[in-house]
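Q: For reference, the file data-v8.txt (compact mmCIF, C-alpha atoms) is included below:
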```
# COMPACT_ATOMS: atom_id res chain seq x y z
CA MET A 1 -7.89 14.06 26.72
CA GLU A 2 -7.33 12.22 30.00
CA GLU A 3 -11.01 11.46 30.56
CA LEU A 4 -11.34 9.86 27.13
CA LYS A 5 -11.48 6.09 27.14
CA ILE A 6 -9.36 4.58 24.41
CA THR A 7 -10.70 1.10 23.63
CA LYS A 8 -7.69 -0.02 21.68
CA GLU A 9 -4.31 1.49 21.01
CA SER A 10 -1.55 0.34 18.73
CA ASP A 11 2.06 1.43 18.85
CA ALA A 12 3.16 1.70 15.22
CA ARG A 13 6.45 3.46 15.92
CA GLY A 14 9.15 1.91 13.79
CA SER A 15 6.64 1.23 11.03
CA PHE A 16 7.05 3.14 7.78
CA CYS A 17 4.51 4.94 5.62
CA PRO A 18 1.87 3.70 4.94
CA GLY A 19 2.18 1.26 7.88
CA PRO A 20 0.72 3.47 10.64
CA LEU A 21 -2.26 4.37 8.44
CA MET A 22 -2.84 0.70 7.65
CA GLU A 23 -2.75 0.03 11.38
CA MET A 24 -5.36 2.73 12.03
CA ILE A 25 -7.60 1.28 9.32
CA ARG A 26 -7.30 -2.21 10.84
CA LEU A 27 -8.04 -0.90 14.33
CA VAL A 28 -11.10 1.03 13.22
CA ARG A 29 -12.39 -1.94 11.21
CA SER A 30 -12.10 -4.27 14.18
CA ALA A 31 -13.67 -1.76 16.60
CA ASN A 32 -17.33 -1.43 17.49
CA VAL A 33 -19.30 1.67 16.60
CA GLY A 34 -18.72 4.23 19.33
CA ASP A 35 -15.26 2.94 20.21
CA VAL A 36 -12.27 5.27 20.39
CA VAL A 37 -8.99 3.92 19.02
CA ALA A 38 -5.50 5.34 18.79
CA VAL A 39 -2.32 4.76 16.86
CA ILE A 40 1.09 6.04 17.93
CA SER A 41 3.23 6.85 14.92
CA GLY A 42 6.82 7.95 14.66
CA ASP A 43 6.36 8.83 11.02
CA GLU A 44 5.94 12.58 10.51
CA GLY A 45 3.72 12.06 7.48
CA SER A 46 1.10 10.24 9.57
CA LYS A 47 0.01 13.56 11.07
CA LYS A 48 -1.40 14.52 7.69
CA ASP A 49 -2.10 11.06 6.34
CA ILE A 50 -4.21 9.55 9.09
CA PRO A 51 -6.48 12.62 9.51
CA ALA A 52 -6.97 12.67 5.71
CA TRP A 53 -8.16 9.07 5.86
CA ILE A 54 -10.39 9.69 8.91
CA ASN A 55 -11.98 12.58 7.05
CA LYS A 56 -12.45 10.55 3.86
CA ALA A 57 -13.98 7.64 5.75
CA ARG A 58 -16.15 10.14 7.68
CA TYR A 59 -14.98 9.08 11.12
CA GLU A 60 -14.14 11.55 13.85
CA LEU A 61 -10.63 12.77 14.60
CA ILE A 62 -10.62 13.28 18.35
CA GLY A 63 -7.14 14.72 18.43
CA MET A 64 -3.40 14.31 18.15
CA GLU A 65 -0.91 14.58 20.96
CA ASP A 66 2.84 14.29 21.25
CA VAL A 67 4.05 11.28 23.15
CA ALA A 68 6.85 11.97 25.64
CA SER A 69 8.92 9.01 24.49
CA GLY A 70 8.62 10.16 20.86
CA GLY A 71 5.97 10.12 18.18
CA THR A 72 2.37 11.25 17.96
CA ARG A 73 -0.79 9.62 19.27
CA ILE A 74 -3.64 10.01 16.79
CA ILE A 75 -7.06 9.34 18.25
CA CYS A 76 -10.16 8.46 16.28
CA ARG A 77 -13.76 7.67 17.12
CA LYS A 78 -15.61 5.11 15.08
CA ASN A 79 -18.82 7.10 14.98
CA HIS A 80 -20.71 5.06 12.42
CA MET B 1 -19.13 5.09 -8.34
CA SER B 2 -15.73 5.33 -6.73
CA GLU B 3 -12.77 6.98 -8.40
CA LYS B 4 -10.19 4.83 -10.13
CA LEU B 5 -6.44 4.70 -10.09
CA SER B 6 -4.67 2.40 -12.51
CA ILE B 7 -0.99 1.62 -12.37
CA VAL B 8 0.90 0.17 -15.31
CA LEU B 9 3.64 -1.72 -13.55
CA PHE B 10 6.22 -2.10 -16.32
CA SER B 11 9.36 -2.14 -14.16
CA GLY B 12 10.55 -5.01 -12.02
CA THR B 13 13.05 -3.13 -9.87
CA VAL B 14 12.58 -2.98 -6.12
CA ASP B 15 12.40 0.83 -6.06
CA LYS B 16 9.57 0.98 -8.61
CA LEU B 17 7.79 -2.01 -7.06
CA MET B 18 7.85 -0.21 -3.71
CA ALA B 19 6.56 2.99 -5.25
CA ALA B 20 3.73 1.09 -6.94
CA SER B 21 2.71 -0.76 -3.79
CA ILE B 22 2.84 2.34 -1.59
CA ILE B 23 0.81 4.44 -4.05
CA ALA B 24 -1.66 1.56 -4.32
CA SER B 25 -1.96 1.48 -0.51
CA GLY B 26 -2.64 5.19 -0.25
CA ALA B 27 -5.19 5.06 -3.04
CA ALA B 28 -6.89 2.01 -1.50
CA ALA B 29 -7.07 3.80 1.86
CA MET B 30 -8.62 6.82 0.16
CA GLN B 31 -11.27 4.50 -1.25
CA LYS B 32 -10.18 4.44 -4.85
CA GLU B 33 -10.63 1.43 -7.03
CA VAL B 34 -7.05 0.38 -7.80
CA THR B 35 -5.93 -1.81 -10.67
CA ILE B 36 -2.31 -2.76 -11.19
CA PHE B 37 -1.59 -4.00 -14.68
CA ALA B 38 1.65 -5.96 -14.42
CA THR B 39 3.47 -6.17 -17.71
CA PHE B 40 7.00 -6.89 -18.94
CA TYR B 41 9.47 -6.70 -16.02
CA GLY B 42 6.70 -5.91 -13.56
CA LEU B 43 5.32 -9.34 -14.31
CA PHE B 44 8.77 -10.96 -14.09
CA ALA B 45 8.89 -9.65 -10.51
CA LEU B 46 5.53 -11.24 -9.73
CA ARG B 47 6.62 -14.76 -10.59
CA LYS B 48 6.18 -16.93 -7.54
CA GLY B 49 9.04 -16.43 -5.08
CA ASP B 50 10.95 -14.00 -7.30
CA TRP B 51 10.67 -11.25 -4.66
CA LYS B 52 12.96 -13.23 -2.34
CA GLN B 53 16.02 -12.69 -4.49
CA ASN B 54 15.04 -9.50 -6.29
CA ARG B 55 17.67 -6.85 -5.49
CA ARG B 56 17.34 -4.91 -8.72
CA VAL B 57 17.33 -1.13 -8.66
CA SER B 58 16.42 1.07 -11.64
CA LYS B 59 19.33 1.86 -13.91
CA ASP B 60 18.57 5.59 -13.65
CA PHE B 61 19.19 5.47 -9.92
CA GLU B 62 21.88 2.82 -9.71
CA ASP B 63 24.24 5.24 -7.95
CA TYR B 64 21.89 5.08 -4.98
CA GLY B 65 21.12 1.40 -5.36
CA ALA B 66 23.42 -0.11 -2.76
CA GLN B 67 22.55 2.52 -0.17
CA PHE B 68 18.83 2.13 -0.88
CA LEU B 69 18.87 -1.63 -0.45
CA GLN B 70 21.03 -1.33 2.64
CA VAL B 71 18.70 1.06 4.49
CA LEU B 72 15.67 -1.04 3.58
CA GLU B 73 17.32 -4.00 5.20
CA ALA B 74 18.79 -2.13 8.18
CA LYS B 75 15.46 -0.48 9.03
CA LYS B 76 13.52 -3.67 8.32
CA ALA B 77 11.15 -1.93 5.94
CA PRO B 78 8.40 -4.27 4.79
CA ASN B 79 9.00 -5.64 1.32
CA TRP B 80 6.83 -4.40 -1.54
CA LEU B 81 4.84 -7.63 -1.73
CA GLU B 82 3.76 -7.36 1.92
CA THR B 83 2.82 -3.72 1.36
CA LEU B 84 0.73 -4.72 -1.62
CA GLN B 85 -0.94 -7.50 0.33
CA SER B 86 -1.94 -5.13 3.11
CA ALA B 87 -3.28 -2.67 0.53
CA MET B 88 -5.49 -5.51 -0.73
CA ASP B 89 -6.62 -6.26 2.84
CA ILE B 90 -7.85 -2.74 3.50
CA GLY B 91 -9.23 -1.71 0.13
CA ASN B 92 -10.15 -2.50 -3.42
CA VAL B 93 -6.91 -3.43 -5.19
CA LYS B 94 -6.60 -5.85 -8.06
CA VAL B 95 -3.44 -7.07 -9.72
CA LYS B 96 -3.84 -8.27 -13.29
CA ALA B 97 -1.29 -9.91 -15.52
CA CYS B 98 -0.55 -8.89 -19.10
CA GLY B 99 -1.44 -11.69 -21.51
CA LEU B 100 1.35 -10.87 -23.92
CA THR B 101 4.06 -11.16 -21.28
CA MET B 102 2.52 -14.39 -20.02
CA ASP B 103 2.72 -15.84 -23.52
CA LEU B 104 6.28 -14.66 -24.06
CA LEU B 105 7.41 -16.20 -20.79
CA SER B 106 5.25 -19.31 -21.33
CA ILE B 107 3.84 -19.06 -17.83
CA LYS B 108 0.42 -19.59 -16.32
CA LEU B 109 -1.53 -17.82 -13.61
CA GLU B 110 -0.44 -20.44 -11.06
CA ASP B 111 3.22 -19.54 -11.73
CA LEU B 112 2.56 -16.06 -10.33
CA GLU B 113 2.14 -14.78 -6.78
CA PRO B 114 -1.42 -15.51 -5.61
CA ILE B 115 -2.22 -11.78 -5.44
CA VAL B 116 -2.53 -11.78 -9.23
CA SER B 117 -6.19 -12.47 -9.94
CA GLU B 118 -6.41 -12.84 -13.69
CA ILE B 119 -4.78 -12.52 -17.08
CA VAL B 120 -6.04 -9.72 -19.28
CA GLY B 121 -5.20 -7.98 -22.51
CA VAL B 122 -4.33 -4.35 -23.02
CA ALA B 123 -7.77 -3.38 -24.33
CA HIS B 124 -9.41 -4.70 -21.17
CA PHE B 125 -6.99 -2.66 -19.09
CA ILE B 126 -7.59 0.51 -21.10
CA GLU B 127 -11.32 0.04 -20.88
CA GLU B 128 -11.18 -0.53 -17.15
CA ALA B 129 -8.84 2.42 -16.63
CA SER B 130 -10.99 4.83 -18.62
CA ASP B 131 -12.25 7.88 -16.72
CA GLY B 132 -9.61 7.36 -14.04
CA GLN B 133 -5.97 8.27 -13.51
CA ILE B 134 -3.20 6.12 -14.98
CA ILE B 135 0.32 5.97 -13.60
CA PHE B 136 3.14 4.31 -15.53
CA LEU B 137 5.97 2.93 -13.47
```
As structure tokens, please, write out the structure in this file.

A:
Amino acid sequence: MEELKITKESDARGSFCPGPLMEMIRLVRSANVGDVVAVISGDEGSKKDIPAWINKARYELIGMEDVASGGTRIICRKNH
Amino acid sequence: MSEKLSIVLFSGTVDKLMAASIIASGAAAMQKEVTIFATFYGLFALRKGDWKQNRRVSKDFEDYGAQFLQVLEAKKAPNWLETLQSAMDIGNVKVKACGLTMDLLSIKLEDLEPIVSEIVGVAHFIEEASDGQIIFL
């Protein structure tokens, strides 16, 4: 995923459910179509929650990766 | 037409208020039309500024009460009102006040937190909630 350009990233570690999801929604809303955004969450539930939202809102889940310092980076493309 | 989720918020304890606001957030994110009908103690908790001193925990779970409130504070969890406000920012969430409780308490819409949009009766709520899910908290 190195070559992917993330337009905006938000570190939501320390935020509780549904905080990281809310952060992803805000990021996607403020992004332009075509942008790639990411949220880092320390909340285990986000790994299911955020993809479920991306799917429902018909955006594209680019991927999820573990972050060395803890948590998961969830990457989404605003494709419409 | 989007799906509906209606929550009867009867309780005014912090645990139930948190549950209601978190469920409302998830439902709003998943594009449901959410209505919270605040009645009885749920409406007490929505009086302007009441959230600042509300440390009530449901009687059923009072054994856990002190610990629950302590971890919320220690981990700086957002309070239920903030959670509800962000649910309203990202989706379709309405908070409506029960007319009966308003009359019993002799209060007006302006005595409530500004997230409450209107005063309605039970029949309005039932009508609006029809063909959707209803949760009683």

Q: Contacts of Val39 in chain A at 10 Å or less, counting all atoms listed in the file, minus same-chain residues fewer than 3 places along, as a list in words?

A: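 Within the cut-off, the hits are Lys8, Glu9, Ser10, Asp11, Ala12, Arg13, Pro20, Leu21, Glu23, Met24, Ile25, Leu27, Gly42, Ser46, Ile50, Met64, Gly71, Thr72, Arg73, Ile74, Ile75 and Cys76 of chain A.
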
Q: Could you write out the selected residues, including C-alpha atoms, as an mmCIF file, keeping the file's coordinate frame?

A:
```
data_model
loop_
_atom_site.group_PDB
_atom_site.id
_atom_site.type_symbol
_atom_site.label_atom_id
_atom_site.label_comp_id
_atom_site.auth_asym_id
_atom_site.auth_seq_id
_atom_site.Cartn_x
_atom_site.Cartn_y
_atom_site.Cartn_z
ATOM 1 C CA LYS A 8 -7.690 -0.020 21.680
ATOM 2 C CA GLU A 9 -4.310 1.490 21.010
ATOM 3 C CA SER A 10 -1.550 0.340 18.730
ATOM 4 C CA ASP A 11 2.060 1.430 18.850
ATOM 5 C CA ALA A 12 3.160 1.700 15.220
ATOM 6 C CA ARG A 13 6.450 3.460 15.920
ATOM 7 C CA PRO A 20 0.720 3.470 10.640
ATOM 8 C CA LEU A 21 -2.260 4.370 8.440
ATOM 9 C CA GLU A 23 -2.750 0.030 11.380
ATOM 10 C CA MET A 24 -5.360 2.730 12.030
ATOM 11 C CA ILE A 25 -7.600 1.280 9.320
ATOM 12 C CA LEU A 27 -8.040 -0.900 14.330
ATOM 13 C CA GLY A 42 6.820 7.950 14.660
ATOM 14 C CA SER A 46 1.100 10.240 9.570
ATOM 15 C CA ILE A 50 -4.210 9.550 9.090
ATOM 16 C CA MET A 64 -3.400 14.310 18.150
ATOM 17 C CA GLY A 71 5.970 10.120 18.180
ATOM 18 C CA THR A 72 2.370 11.250 17.960
ATOM 19 C CA ARG A 73 -0.790 9.620 19.270
ATOM 20 C CA ILE A 74 -3.640 10.010 16.790
ATOM 21 C CA ILE A 75 -7.060 9.340 18.250
ATOM 22 C CA CYS A 76 -10.160 8.460 16.280
#
```

Q: If we count only C-alpha atoms, what is near Ser117 in chain B at a cut-off of 9 Å, once residues fewer than 5 positions away on the same chain are taken out, given as a list in words?

A: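 Surrounding residues, per the criterion: Lys94, Val95, Lys96, Ala97 and Leu109 of chain B.
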
Q: Tell me, as number ranges by chain, which residues lie within 9 Å of Asp15 in chain B, counting only C-alpha atoms; anything in the same chain fewer than 6 positions away does not count.

A: B: 56-58, 65, 68-69, 80

Q: In terms of the shortest atom-to-atom distance over all atoms listed in the file, which of A:Ser69, A:Thr7, A:Asn79, A:Ser15 is closest to Ile54 in chain A?

A: A:Asn79

Q: Kindly indicate which residue among A:Ile40, A:Leu4, A:Ala68, A:Ala52 lies nearest to chain B, using only C-alpha atoms for the distances.

A: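 Smallest separation from chain B among the options: A:Ala52.
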
Q: Considering all atoms listed in the file, give me a table of residues in chain B that are at most 12 Å from chain A, with the closest atom pair and distance in Å for each, as JSON lines.

A:
```
{"residue": "B:Met18", "atom": "CA", "partner": "A:Cys17", "partner_atom": "CA", "distance": 11.2}
{"residue": "B:Ala19", "atom": "CA", "partner": "A:Cys17", "partner_atom": "CA", "distance": 11.2}
{"residue": "B:Ser21", "atom": "CA", "partner": "A:Pro18", "partner_atom": "CA", "distance": 9.8}
{"residue": "B:Ile22", "atom": "CA", "partner": "A:Pro18", "partner_atom": "CA", "distance": 6.7}
{"residue": "B:Ile23", "atom": "CA", "partner": "A:Pro18", "partner_atom": "CA", "distance": 9.1}
{"residue": "B:Ala24", "atom": "CA", "partner": "A:Pro18", "partner_atom": "CA", "distance": 10.1}
{"residue": "B:Ser25", "atom": "CA", "partner": "A:Pro18", "partner_atom": "CA", "distance": 7.0}
{"residue": "B:Gly26", "atom": "CA", "partner": "A:Pro18", "partner_atom": "CA", "distance": 7.0}
{"residue": "B:Ala27", "atom": "CA", "partner": "A:Trp53", "partner_atom": "CA", "distance": 10.2}
{"residue": "B:Ala28", "atom": "CA", "partner": "A:Met22", "partner_atom": "CA", "distance": 10.1}
{"residue": "B:Ala29", "atom": "CA", "partner": "A:Trp53", "partner_atom": "CA", "distance": 6.7}
{"residue": "B:Met30", "atom": "CA", "partner": "A:Trp53", "partner_atom": "CA", "distance": 6.1}
{"residue": "B:Gln31", "atom": "CA", "partner": "A:Lys56", "partner_atom": "CA", "distance": 8.0}
{"residue": "B:Lys32", "atom": "CA", "partner": "A:Lys56", "partner_atom": "CA", "distance": 10.9}
{"residue": "B:Leu72", "atom": "CA", "partner": "A:Phe16", "partner_atom": "CA", "distance": 10.5}
{"residue": "B:Ala74", "atom": "CA", "partner": "A:Gly14", "partner_atom": "CA", "distance": 11.9}
{"residue": "B:Lys75", "atom": "CA", "partner": "A:Gly14", "partner_atom": "CA", "distance": 8.3}
{"residue": "B:Lys76", "atom": "CA", "partner": "A:Ser15", "partner_atom": "CA", "distance": 8.9}
{"residue": "B:Ala77", "atom": "CA", "partner": "A:Phe16", "partner_atom": "CA", "distance": 6.8}
{"residue": "B:Pro78", "atom": "CA", "partner": "A:Phe16", "partner_atom": "CA", "distance": 8.1}
{"residue": "B:Asn79", "atom": "CA", "partner": "A:Phe16", "partner_atom": "CA", "distance": 11.1}
{"residue": "B:Trp80", "atom": "CA", "partner": "A:Pro18", "partner_atom": "CA", "distance": 11.5}
{"residue": "B:Glu82", "atom": "CA", "partner": "A:Gly19", "partner_atom": "CA", "distance": 10.6}
{"residue": "B:Thr83", "atom": "CA", "partner": "A:Gly19", "partner_atom": "CA", "distance": 8.2}
{"residue": "B:Leu84", "atom": "CA", "partner": "A:Pro18", "partner_atom": "CA", "distance": 10.7}
{"residue": "B:Gln85", "atom": "CA", "partner": "A:Met22", "partner_atom": "CA", "distance": 11.2}
{"residue": "B:Ser86", "atom": "CA", "partner": "A:Met22", "partner_atom": "CA", "distance": 7.4}
{"residue": "B:Ala87", "atom": "CA", "partner": "A:Met22", "partner_atom": "CA", "distance": 7.9}
{"residue": "B:Met88", "atom": "CA", "partner": "A:Met22", "partner_atom": "CA", "distance": 10.8}
{"residue": "B:Asp89", "atom": "CA", "partner": "A:Arg26", "partner_atom": "CA", "distance": 9.0}
{"residue": "B:Ile90", "atom": "CA", "partner": "A:Ile25", "partner_atom": "CA", "distance": 7.1}
{"residue": "B:Gly91", "atom": "CA", "partner": "A:Ile25", "partner_atom": "CA", "distance": 9.8}
```

Q: Compile the contact shell of Asp103 in chain B as a VMD selection string: residues with an atom at most 12 Å away, counting only C-alpha atoms, same-chain residues fewer than 3 positions apart removed.

A: chain B and resid 39 to 40 43 97 to 100 106 to 109 119 to 121

Q: Could you jot down the CA of Lys47 in chain A to CA of Gly63 in chain A separation for me, Å, one decimal place?

A: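 Those two atoms sit 10.3 Å apart.
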
Q: Please measure the separation of CA of Leu5 in chain B and CA of Tyr64 in chain B, giving the value in Å to one decimal.

A: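 Taking CA of Leu5 in chain B and CA of Tyr64 in chain B, their separation equals 28.8 Å.
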
Q: Just to confirm, what's the straight-line distance from CA of Asp50 in chain B to CA of Glu73 in chain B in Å (one decimal)?

A: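 CA of Glu73 in chain B lies at a distance of 17.2 Å from CA of Asp50 in chain B.
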
Q: Identify which of the residues A:Lys78, A:Val33, A:Ile6, A:Leu61 lies closest to Lys48 in chain A, counting only C-alpha atoms when measuring atom-to-atom distances.

A: A:Leu61
